[in-house]
>>> print(open('start_23.tsv').read())   # TSV, C-alpha atoms and all ligand atoms
chain	number	residue	atom	x	y	z
A	1	MET	CA	140.30	-101.07	6.11
A	2	ASN	CA	138.38	-103.45	8.38
A	3	LYS	CA	135.31	-102.26	10.29
A	4	SER	CA	137.08	-101.41	13.56
A	5	GLU	CA	139.74	-99.44	11.69
A	6	LEU	CA	137.03	-97.56	9.80
A	7	PHE	CA	135.11	-96.91	13.02
A	8	SER	CA	138.14	-95.48	14.84
A	9	SER	CA	139.26	-93.42	11.85
A	10	ILE	CA	135.79	-91.78	11.53
A	11	SER	CA	135.56	-91.44	15.28
A	12	ASN	CA	138.90	-89.54	15.42
A	13	ASP	CA	137.73	-87.25	12.65
A	14	LEU	CA	134.44	-86.54	14.47
A	15	LYS	CA	136.31	-85.49	17.62
A	16	ASN	CA	137.28	-82.25	15.90
A	17	LYS	CA	134.06	-81.69	14.00
A	18	LEU	CA	131.02	-82.87	15.92
A	19	HIS	CA	129.22	-80.31	18.02
A	20	LEU	CA	127.52	-82.07	20.96
A	21	LEU	CA	124.65	-80.44	22.85
A	22	GLU	CA	124.43	-80.35	26.64
A	23	ASP	CA	120.74	-81.23	26.64
A	24	LYS	CA	121.36	-84.49	24.76
A	25	PRO	CA	123.95	-86.09	27.08
A	26	GLU	CA	123.32	-89.54	25.64
A	27	GLU	CA	124.87	-88.39	22.36
A	28	THR	CA	128.63	-88.95	22.53
A	29	ILE	CA	131.01	-89.35	19.59
A	30	GLU	CA	130.78	-93.12	20.02
A	31	SER	CA	126.98	-93.40	20.38
A	32	THR	CA	126.44	-90.93	17.51
A	33	LEU	CA	128.71	-92.86	15.17
A	34	LYS	CA	127.21	-96.19	16.23
A	35	ALA	CA	123.66	-94.94	15.65
A	36	LEU	CA	124.61	-93.56	12.21
A	37	TRP	CA	126.47	-96.77	11.35
A	38	LEU	CA	123.46	-98.88	12.27
A	39	ALA	CA	121.15	-96.52	10.32
A	40	ALA	CA	123.40	-96.92	7.25
A	41	ALA	CA	123.05	-100.70	7.69
A	42	GLY	CA	119.25	-100.35	7.74
A	43	ILE	CA	118.90	-100.73	11.52
A	44	PRO	CA	117.25	-97.54	12.87
A	45	VAL	CA	118.10	-97.06	16.53
A	46	SER	CA	118.59	-94.12	18.92
A	47	ALA	CA	121.96	-93.04	20.33
A	48	GLU	CA	121.06	-94.72	23.62
A	49	GLY	CA	119.77	-97.86	21.91
A	50	SER	CA	122.91	-98.11	19.79
A	51	THR	CA	125.09	-98.63	22.86
A	52	LYS	CA	123.50	-102.05	23.39
A	53	LEU	CA	124.22	-103.24	19.83
A	54	SER	CA	127.40	-104.16	18.05
A	55	ILE	CA	128.19	-102.69	14.65
A	56	PRO	CA	127.72	-104.91	11.60
A	57	ASP	CA	130.00	-105.11	8.54
A	58	LEU	CA	128.98	-102.56	5.90
A	59	THR	CA	128.86	-102.99	2.12
A	60	GLU	CA	130.52	-100.35	-0.10
A	61	LYS	CA	127.09	-98.83	-0.73
A	62	GLN	CA	126.35	-98.71	3.02
A	63	ILE	CA	129.71	-97.03	3.71
A	64	GLU	CA	128.77	-94.37	1.15
A	65	ASN	CA	125.41	-94.02	2.89
A	66	LEU	CA	127.18	-93.70	6.28
A	67	HIS	CA	129.30	-90.81	4.97
A	68	GLN	CA	126.15	-89.05	3.74
A	69	LEU	CA	124.48	-89.47	7.14
A	70	ILE	CA	127.59	-88.13	8.89
A	71	GLU	CA	127.54	-85.10	6.57
A	72	LEU	CA	123.89	-84.48	7.49
A	73	ARG	CA	124.77	-84.65	11.18
A	74	LEU	CA	127.78	-82.33	10.78
A	75	ASN	CA	125.45	-79.90	9.00
A	76	ASN	CA	123.41	-79.61	12.21
A	77	THR	CA	120.60	-82.10	11.53
A	78	PRO	CA	119.74	-83.58	14.95
A	79	LEU	CA	120.76	-87.22	15.28
A	80	ALA	CA	117.23	-88.35	16.20
A	81	TYR	CA	115.87	-86.78	13.00
A	82	ILE	CA	118.41	-88.79	10.97
A	83	THR	CA	117.89	-92.15	12.68
A	84	ASN	CA	114.19	-91.37	13.26
A	85	ARG	CA	114.48	-92.88	16.70
A	86	GLN	CA	114.79	-91.54	20.25
A	87	ASN	CA	114.86	-93.51	23.48
A	88	PHE	CA	112.69	-92.37	26.38
A	89	MET	CA	112.52	-94.27	29.67
A	90	GLY	CA	113.86	-97.38	27.98
A	91	ILE	CA	111.46	-97.26	25.02
A	92	GLU	CA	112.52	-96.73	21.41
A	93	LEU	CA	110.15	-94.18	19.83
A	94	TYR	CA	109.81	-92.66	16.38
A	95	SER	CA	111.24	-89.14	16.21
A	96	ASP	CA	111.06	-86.64	13.36
A	97	LYS	CA	110.55	-82.95	12.60
A	98	ARG	CA	106.87	-83.17	13.56
A	99	ALA	CA	107.72	-82.82	17.27
A	100	LEU	CA	110.39	-82.05	19.85
A	101	ILE	CA	113.01	-84.74	20.43
A	102	PRO	CA	112.31	-86.09	23.94
A	103	ARG	CA	115.08	-85.02	26.30
A	104	LYS	CA	116.85	-87.14	28.91
A	105	GLU	CA	116.08	-84.50	31.57
A	106	THR	CA	112.34	-85.08	31.02
A	107	GLU	CA	112.76	-88.64	32.31
A	108	LEU	CA	112.76	-87.10	35.81
A	109	LEU	CA	109.16	-85.99	35.20
A	110	GLY	CA	108.38	-89.35	33.57
A	111	ARG	CA	109.78	-91.40	36.46
A	112	THR	CA	108.11	-89.22	39.12
A	113	ALA	CA	104.76	-89.43	37.32
A	114	LEU	CA	105.10	-93.19	36.84
A	115	GLU	CA	105.79	-93.70	40.54
A	116	LEU	CA	102.80	-91.51	41.43
A	117	SER	CA	100.56	-93.37	38.96
A	118	LYS	CA	101.53	-96.68	40.60
A	119	ARG	CA	100.77	-95.27	44.05
A	120	ILE	CA	97.32	-94.05	42.98
A	121	ALA	CA	96.55	-97.26	41.08
A	122	LYS	CA	97.47	-99.34	44.14
A	123	SER	CA	94.52	-97.95	46.06
A	124	LYS	CA	92.20	-97.27	43.12
A	125	GLY	CA	92.81	-99.90	40.45
A	126	LYS	CA	92.49	-98.39	36.96
A	127	ILE	CA	93.37	-94.73	36.66
A	128	ASN	CA	92.95	-91.94	34.07
A	129	VAL	CA	95.90	-89.81	33.04
A	130	ILE	CA	95.98	-86.77	30.73
A	131	ASP	CA	99.28	-85.98	28.96
A	132	VAL	CA	98.88	-82.42	27.70
A	133	CYS	CA	101.47	-80.86	25.33
A	134	CYS	CA	102.28	-84.46	24.40
A	135	GLY	CA	104.71	-83.76	21.50
A	136	SER	CA	105.84	-87.19	20.27
A	137	GLY	CA	103.71	-88.83	23.00
A	138	ASN	CA	106.77	-89.89	25.01
A	139	LEU	CA	105.42	-89.22	28.53
A	140	GLY	CA	101.94	-90.69	28.12
A	141	ILE	CA	103.29	-93.67	26.20
A	142	ALA	CA	106.03	-94.40	28.78
A	143	ILE	CA	103.50	-94.26	31.61
A	144	ALA	CA	100.98	-96.49	29.83
A	145	HIS	CA	103.75	-98.89	28.79
A	146	HIS	CA	105.21	-99.20	32.30
A	147	ASN	CA	101.90	-99.14	34.22
A	148	LYS	CA	99.19	-101.37	32.79
A	149	ASP	CA	96.57	-99.75	35.06
A	150	CYS	CA	96.73	-96.40	33.23
A	151	ASN	CA	94.39	-95.15	30.54
A	152	VAL	CA	96.02	-92.16	28.89
A	153	TYR	CA	94.45	-89.26	27.00
A	154	ALA	CA	97.05	-87.18	25.18
A	155	SER	CA	96.73	-83.85	23.39
A	156	ASP	CA	98.82	-81.23	21.63
A	157	ILE	CA	98.00	-78.03	19.76
A	158	SER	CA	100.15	-79.19	16.85
A	159	GLN	CA	98.38	-81.55	14.42
A	160	GLU	CA	101.79	-82.84	13.29
A	161	ALA	CA	102.74	-83.74	16.87
A	162	VAL	CA	99.39	-85.51	17.28
A	163	GLU	CA	100.15	-87.57	14.17
A	164	LEU	CA	103.61	-88.52	15.47
A	165	THR	CA	102.06	-89.50	18.82
A	166	ARG	CA	99.58	-91.67	16.92
A	167	ASP	CA	102.43	-93.40	15.07
A	168	ASN	CA	104.17	-94.03	18.39
A	169	ILE	CA	100.98	-95.41	19.97
A	170	ASN	CA	100.76	-97.87	17.05
A	171	LEU	CA	104.47	-98.69	17.34
A	172	LEU	CA	104.04	-99.63	21.01
A	173	ASN	CA	100.71	-101.37	20.40
A	174	LEU	CA	98.95	-99.19	22.97
A	175	ASN	CA	95.78	-98.35	21.00
A	176	GLN	CA	93.59	-99.91	23.65
A	177	ARG	CA	94.88	-97.60	26.41
A	178	ILE	CA	95.93	-94.32	24.77
A	179	GLN	CA	93.93	-91.84	22.73
A	180	VAL	CA	95.30	-88.61	21.27
A	181	LYS	CA	93.49	-85.45	20.19
A	182	GLN	CA	94.52	-82.08	18.74
A	183	GLY	CA	93.63	-78.91	20.64
A	184	ASN	CA	94.67	-76.00	22.81
A	185	LEU	CA	95.74	-77.19	26.27
A	186	LEU	CA	92.86	-78.91	28.12
A	187	SER	CA	90.11	-77.60	25.81
A	188	VAL	CA	89.68	-80.98	24.10
A	189	PHE	CA	88.74	-82.53	27.44
A	190	GLU	CA	85.88	-80.11	28.17
A	191	THR	CA	83.23	-82.83	28.59
A	192	ASP	CA	81.57	-84.69	31.45
A	193	GLU	CA	83.72	-87.68	30.55
A	194	PHE	CA	86.74	-85.81	31.96
A	195	TYR	CA	85.45	-83.31	34.55
A	196	GLU	CA	86.69	-84.48	37.98
A	197	LYS	CA	87.57	-87.91	36.54
A	198	THR	CA	91.27	-87.49	35.86
A	199	ASP	CA	93.67	-88.87	38.49
A	200	MET	CA	96.77	-87.21	37.10
A	201	ILE	CA	97.54	-84.49	34.56
A	202	ILE	CA	101.10	-84.62	33.32
A	203	CYS	CA	102.73	-81.94	31.21
A	204	ASN	CA	106.10	-80.90	29.82
A	205	PRO	CA	105.05	-77.42	28.67
A	206	PRO	CA	106.99	-74.86	26.64
A	207	TYR	CA	108.70	-72.76	29.35
A	208	ILE	CA	111.56	-70.85	27.75
A	209	LEU	CA	111.30	-67.06	27.64
A	210	SER	CA	110.50	-65.85	24.10
A	211	SER	CA	113.59	-63.60	24.22
A	212	LYS	CA	115.81	-66.61	24.98
A	213	VAL	CA	114.40	-68.91	22.30
A	214	GLN	CA	116.18	-67.15	19.44
A	215	LYS	CA	119.46	-67.36	21.37
A	216	MET	CA	119.26	-71.14	21.67
A	217	ASP	CA	121.65	-73.32	19.65
A	218	SER	CA	120.74	-73.13	15.95
A	219	GLU	CA	120.74	-76.92	15.73
A	220	ILE	CA	117.64	-76.74	17.93
A	221	THR	CA	115.90	-73.62	16.60
A	222	SER	CA	116.36	-74.42	12.94
A	223	ASN	CA	115.15	-78.01	13.25
A	224	GLU	CA	112.83	-78.55	16.21
A	225	PRO	CA	109.39	-76.81	16.40
A	226	VAL	CA	109.73	-73.44	18.15
A	227	LEU	CA	106.17	-73.92	19.47
A	228	ALA	CA	107.65	-76.60	21.72
A	229	PHE	CA	109.91	-74.14	23.58
A	230	ASP	CA	108.35	-70.70	23.58
A	231	GLY	CA	106.64	-70.07	26.92
A	232	GLY	CA	105.90	-66.39	26.20
A	233	MET	CA	107.46	-63.24	27.60
A	234	LEU	CA	108.06	-64.69	31.09
A	235	GLY	CA	108.18	-68.34	30.08
A	236	ILE	CA	105.15	-69.23	32.18
A	237	LYS	CA	102.22	-68.55	29.83
A	238	ILE	CA	101.20	-72.20	29.47
A	239	ILE	CA	102.08	-73.16	33.06
A	240	GLN	CA	99.85	-70.39	34.49
A	241	LYS	CA	96.88	-71.61	32.45
A	242	LEU	CA	97.53	-75.18	33.42
A	243	ILE	CA	97.60	-74.34	37.14
A	244	SER	CA	94.23	-72.59	36.94
A	245	GLU	CA	92.47	-75.00	34.55
A	246	ALA	CA	93.67	-78.42	35.79
A	247	PRO	CA	91.53	-78.72	38.98
A	248	LYS	CA	88.28	-78.81	36.99
A	249	PHE	CA	89.45	-82.09	35.43
A	250	LEU	CA	91.10	-83.66	38.49
A	251	THR	CA	89.44	-86.10	40.88
A	252	SER	CA	89.09	-84.88	44.49
A	253	GLU	CA	92.67	-85.94	45.28
A	254	GLY	CA	94.07	-85.80	41.77
A	255	TRP	CA	97.53	-84.46	40.90
A	256	LEU	CA	98.94	-81.99	38.42
A	257	ILE	CA	102.58	-82.81	37.66
A	258	PHE	CA	104.79	-80.87	35.28
A	259	GLU	CA	108.34	-79.95	34.28
A	260	VAL	CA	109.74	-76.47	34.90
A	261	GLY	CA	112.85	-74.75	33.61
A	262	ALA	CA	115.99	-74.52	35.78
A	263	GLY	CA	115.46	-71.56	38.13
A	264	GLN	CA	111.65	-71.48	37.77
A	265	GLY	CA	110.86	-73.90	40.62
A	266	ASN	CA	110.40	-71.48	43.54
A	267	PHE	CA	108.35	-68.97	41.61
A	268	ILE	CA	106.05	-71.61	40.16
A	269	THR	CA	105.60	-73.27	43.56
A	270	GLN	CA	104.46	-69.85	44.80
A	271	LEU	CA	102.07	-69.53	41.85
A	272	CYS	CA	100.50	-72.87	42.83
A	273	GLU	CA	100.24	-71.78	46.49
A	274	ARG	CA	98.75	-68.38	45.64
A	275	SER	CA	96.13	-70.01	43.39
A	276	ARG	CA	94.63	-71.68	46.52
A	277	LEU	CA	93.61	-74.57	44.29
A	278	TYR	CA	96.07	-77.13	45.64
A	279	GLN	CA	96.62	-78.70	49.07
A	280	ALA	CA	100.05	-80.31	48.69
A	281	ILE	CA	102.75	-78.79	46.53
A	282	GLU	CA	106.04	-80.61	46.15
A	283	SER	CA	109.07	-80.36	43.93
A	284	VAL	CA	111.61	-82.89	42.71
A	285	SER	CA	115.19	-81.89	41.98
A	286	ASP	CA	117.67	-83.25	39.47
A	287	ASP	CA	121.14	-84.56	40.39
A	288	SER	CA	122.51	-81.00	40.62
A	289	GLY	CA	119.85	-80.07	43.21
A	290	THR	CA	117.77	-77.93	40.83
A	291	ALA	CA	113.99	-78.25	41.10
A	292	ARG	CA	112.73	-79.49	37.71
A	293	VAL	CA	109.39	-81.15	38.52
A	294	ILE	CA	106.42	-79.72	40.42
A	295	LEU	CA	103.61	-81.88	41.83
A	296	ALA	CA	100.43	-80.22	43.06
A	297	GLN	CA	97.54	-82.14	44.59
A	298	LYS	CA	94.07	-80.68	44.14
A	299	LEU	CA	92.60	-79.02	47.22
A	300	ARG	CA	89.88	-81.21	48.72
A	301	PRO	CA	86.48	-79.47	48.97
A	302	SER	CA	86.09	-78.21	52.59
A	303	ASN	CA	82.88	-80.26	53.22
A	304	SER	CA	84.47	-83.63	52.39
B	1	LIG	C1	108.36	-78.96	25.53
B	1	LIG	S1	107.37	-79.73	24.29
B	1	LIG	C2	107.02	-81.26	25.12
B	1	LIG	C3	106.78	-82.40	24.18
B	1	LIG	C4	106.80	-83.77	24.88
B	1	LIG	N1	105.78	-83.89	25.88
B	1	LIG	C5	108.17	-84.04	25.50
B	1	LIG	O1	108.27	-84.18	26.72
B	1	LIG	O2	109.15	-84.13	24.76
B	1	LIG	C6	105.88	-78.81	24.43
B	1	LIG	C7	104.74	-79.24	23.51
B	1	LIG	O3	103.63	-78.35	23.80
B	1	LIG	C8	102.89	-78.11	22.63
B	1	LIG	N2	102.11	-76.89	22.85
B	1	LIG	C9	102.51	-75.61	22.81
B	1	LIG	N3	101.50	-74.78	23.11
B	1	LIG	C10	100.41	-75.57	23.35
B	1	LIG	C11	99.05	-75.31	23.72
B	1	LIG	N4	98.61	-74.08	23.90
B	1	LIG	N5	98.22	-76.35	23.90
B	1	LIG	C12	98.68	-77.64	23.70
B	1	LIG	N6	99.93	-77.93	23.36
B	1	LIG	C13	100.79	-76.92	23.19
B	1	LIG	C14	103.95	-78.04	21.54
B	1	LIG	O4	103.40	-78.30	20.28
B	1	LIG	C15	104.95	-79.12	22.01
B	1	LIG	O5	104.65	-80.35	21.40
>>> encode(input="start_23.tsv", output="structure tokens", more="lines below")
Ligand SMILES: C[S@@+](CC[C@H](N)C(=O)[O-])C[C@H]1O[C@@H](n2cnc3c(N)ncnc32)[C@H](O)[C@@H]1O
Amino acid sequence: MNKSELFSSISNDLKNKLHLLEDKPEETIESTLKALWLAAAGIPVSAEGSTKLSIPDLTEKQIENLHQLIELRLNNTPLAYITNRQNFMGIELYSDKRALIPRKETELLGRTALELSKRIAKSKGKINVIDVCCGSGNLGIAIAHHNKDCNVYASDISQEAVELTRDNINLLNLNQRIQVKQGNLLSVFETDEFYEKTDMIICNPPYILSSKVQKMDSEITSNEPVLAFDGGMLGIKIIQKLISEAPKFLTSEGWLIFEVGAGQGNFITQLCERSRLYQAIESVSDDSGTARVILAQKLRPSNS
């Protein structure tokens, strides 16, 4: 069998067996098989990255390896944890069990934050950004990579996530402009170096109701860290803290920008308004018209 015959034969087989998840739309039968094929050939690449490459010829040993990788995938191991790569905003990042696999939907937050960072940097020059709940470091790294005027300070409560972020910082050669620390929310930034000196705080927090987490697809709950999803009884435990604690760290016109779950937008906008800590509160919706990103600009002191 030549390589295109092998590819279409496996591809036909996968049509009946592969369970694709809605929140990883970049993973199709074709991109999954291509990514696994390339991994078997010793070329680690994400599903998205694989679509730009052609498949090489495989040796007998590599074909055996490919079948083992396919078995892993059919047994519910997430693709990104097999290839050890995930693409986020055009950047190939390391991905493994230490942190959540960055989702395509989070690129809406990433793009909105990047645009905002460019707007602030245009008038200010260099700017400081905190990426809290950084996971694999995807948001902070994408912003620093695409905007050379940003210095990023990332943090996560999970030491394993911090280590993965560090590996990704090294991968992208961003050591000069990104630091990462382990700690609970903004606690690691409780110093004069950060008080009122941060232009933008970005966050993709855990926001799923505890009661819903166990009902999520088992491919997710049995592989990705539950800490990354569980937002407490109402799903807003972390978001509430963030809204009240962020202003202390923000410059006089600094912004808090974060992702919310589908259906949480209105309520969380009201939480920001009721806090009386922010002057401008905006939301950004996805293609289906659902608000998924909230931006809140710190309230200027009344005497300025
Ligand atoms: C939804 S994931 C986001 C990861 C990454 N930023 C992304 O967009 O893929 C939430 C992250 O928050 C972290 N986390 C949960 N509770 C936290 C807390 N109290 N303080 C800091 N990080 C926390 C988790 O470890 C996880 O990495």
>>> residues_around(input="start_23.tsv", residues="Ser218 in chain A", least_positions_apart="2", cutoff="12 Å", atoms="all atoms listed in the file", output="PyMOL selection string")
chain A and resi 19+21+75-78+213-216+220-226
>>> axis_aligned_box(input="start_23.tsv", around="range 12-28 of chain A", padding_each_side="8 Å", output="JSON")
{"center_x": 129.8, "center_y": -84.9, "center_z": 19.9, "size_x": 34.2, "size_y": 25.2, "size_z": 30.4}
>>> residues_around(input="start_23.tsv", residues="Phe88 in chain A", least_positions_apart="5", cutoff="12 Å", atoms="all atoms listed in the file", output="MDAnalysis selection string")
chainID A and resid 24 26 46:49 80 93:95 101:111 136:143 145:146 168
>>> closest_residue(input="start_23.tsv", among="A:Gln159, A:Thr59, A:Ser275, A:Asn173", to="ligand LIG 1 (chain B)", atoms="all atoms listed in the file")
A:Gln159
>>> residues_near_ligand(input="start_23.tsv", ligand="ligand LIG 1 (chain B)", cutoff="8 Å", atoms="only C-alpha atoms and all ligand atoms", output="PyMOL selection string")
chain A and resi 99-103+106+131-139+155-158+161+182-186+203-207+225+227-231+238
>>> closest_residue(input="start_23.tsv", among="A:Ile202, A:Leu256, A:Leu295, A:Leu33", to="Leu6 in chain A", atoms="all atoms listed in the file")
A:Leu33
>>> atom_distance(input="start_23.tsv", atom1="CA of Lys3 in chain A", atom2="CA of Asn84 in chain A")
23.9 Å
>>> residues_around(input="start_23.tsv", residues="Val152 in chain A", least_positions_apart="6", cutoff="8 Å", atoms="all atoms listed in the file", output="list in words")
Asn128, Val129, Ile130, Asp131, Gly140, Ile141, Ala144, Arg177, Ile178 and Gln179 of chain A
>>> atom_distance(input="start_23.tsv", atom1="CA of Leu116 in chain A", atom2="CA of Glu282 in chain A")
12.3 Å
>>> closest_residue(input="start_23.tsv", among="A:Arg119, A:Phe189, A:Arg98, A:Ser50", to="Thr165 in chain A", atoms="all atoms listed in the file")
A:Arg98
>>> atom_distance(input="start_23.tsv", atom1="CA of Tyr81 in chain A", atom2="CA of Thr32 in chain A")
12.2 Å
>>> closest_residue(input="start_23.tsv", among="A:Glu259, A:Asp13, A:Asp217, A:Asp96", to="Asp167 in chain A", atoms="only C-alpha atoms")
A:Asp96
>>> closest_residue(input="start_23.tsv", among="A:Ser211, A:Gln264, A:Ser252, A:Phe258", to="Gln279 in chain A", atoms="all atoms listed in the file")
A:Ser252
>>> residues_near_point(input="start_23.tsv", point="(134.1, -81.3, 12.7)", cutoff="12 Å", atoms="all atoms listed in the file", output="list in words")
Ile10, Ser11, Asn12, Asp13, Leu14, Lys15, Asn16, Lys17, Leu18, His19, Leu20, Ile29, Ile70, Glu71, Leu72, Arg73, Leu74, Asn75 and Asn76 of chain A
>>> closest_residue(input="start_23.tsv", among="A:Ser9, A:Thr83, A:Thr198, A:Gln68", to="Ser117 in chain A", atoms="only C-alpha atoms")
A:Thr198
>>> residues_around(input="start_23.tsv", residues="range 38-45 of chain A", least_positions_apart="6", cutoff="7 Å", atoms="only C-alpha atoms", output="PyMOL selection string")
chain A and resi 55+58+62+65-66+83-85
